[in-house]
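Undergrad: Got a structure for you, written out below as structure tokens; questions coming shortly.
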Amino acid sequence: MIISPFEISIVEGETVVYSGKLVGEDGAPVPAAALSGARLTYYSVGSGKIVNGRANQNILNANGVTIAVDGTLTWKLAEADVRMVDHPLQQNATHRAVFVFEWLDSQGVARQAVREVDVHIQRVSYGPFDAP
């Protein structure tokens, strides 16, 4: 389970840090050392499009994600992570996204946390662009 925010407000393309606490079923923090693997899938609820190629991506202290000894998961979203994928021409819109965090504990048991997050994105330009 990950304890984290359910709403993020950003300007399209800005650097954003998403963080939460990775905890086990018993509520105790899960540090990176207790994991044998971790991955992320990030997609839009509206279209089902994968955002920025983040489908089953390794995140065990890789690809902009760190997991600390106290179980804090910190994800520094890349510019391509904070683009409008469903409404590329709207000035202001809410992009409802799903972050699926999966990990293997030290015994090889698969765990999963699914977070549906409202990502409020404000466009900085009016022209179309190629969304990932």
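Every chain in the structure tokens has a letter given in the order shown (A, B, ...), and although residue numbers restart at 1 in each chain, ligands are simply numbered from 1 in the order shown.
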As number ranges by chain, please: the residues near range 52-66 of chain A (cut-off 12 Å, only C-alpha atoms, same-chain neighbours under 3 positions excluded).
TA: A: 15-22, 31-44, 48-49, 69-85, 98-105, 112, 130-132
Undergrad: Looking at A:Ala97, A:Val119, A:Ile67, A:Val23, which one is nearest to Ile50 in chain A, with distances taken over only C-alpha atoms?
TA: A:Ala97
Undergrad: Write out as an NGL selection string all residues of range 72-119 of chain A that DSSP puts in helix (DSSP H, G or I) for this structure's backbone.
TA: :A and (79-82)
Undergrad: Quick one: distance from CA of Ser9 in chain A to CA of Ala68 in chain A in Å, one decimal?
TA: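 Distance between the two atoms: 24.8 Å.
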Undergrad: Report the distance between CA of Gly27 in chain A and CA of Arg111 in chain A in Å, rounded to one decimal place.
TA: 13.5 Å
Undergrad: Measure the distance from CA of Gln122 in chain A to CA of Val51 in chain A in Å and round it to one decimal.
TA: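 CA of Gln122 in chain A sits 17.0 Å away from CA of Val51 in chain A.
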Undergrad: Quick one: residues within 10 Å of Glu25 in chain A, only C-alpha atoms counted, chain neighbours fewer than 3 positions away excluded, as a JSON list (two decimals) with C-alpha atoms, in the first residue's frame?
TA:
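Result file around-v2.json:
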[["chain", "number", "residue", "atom", "x", "y", "z"],
["A", 1, "MET", "CA", 0.00, 0.00, 0.00],
["A", 28, "ALA", "CA", 5.15, -1.07, 8.71],
["A", 29, "PRO", "CA", 7.32, 0.91, 6.26],
["A", 30, "VAL", "CA", 8.89, -1.12, 3.44],
["A", 111, "ARG", "CA", 2.35, -6.71, -3.91]]
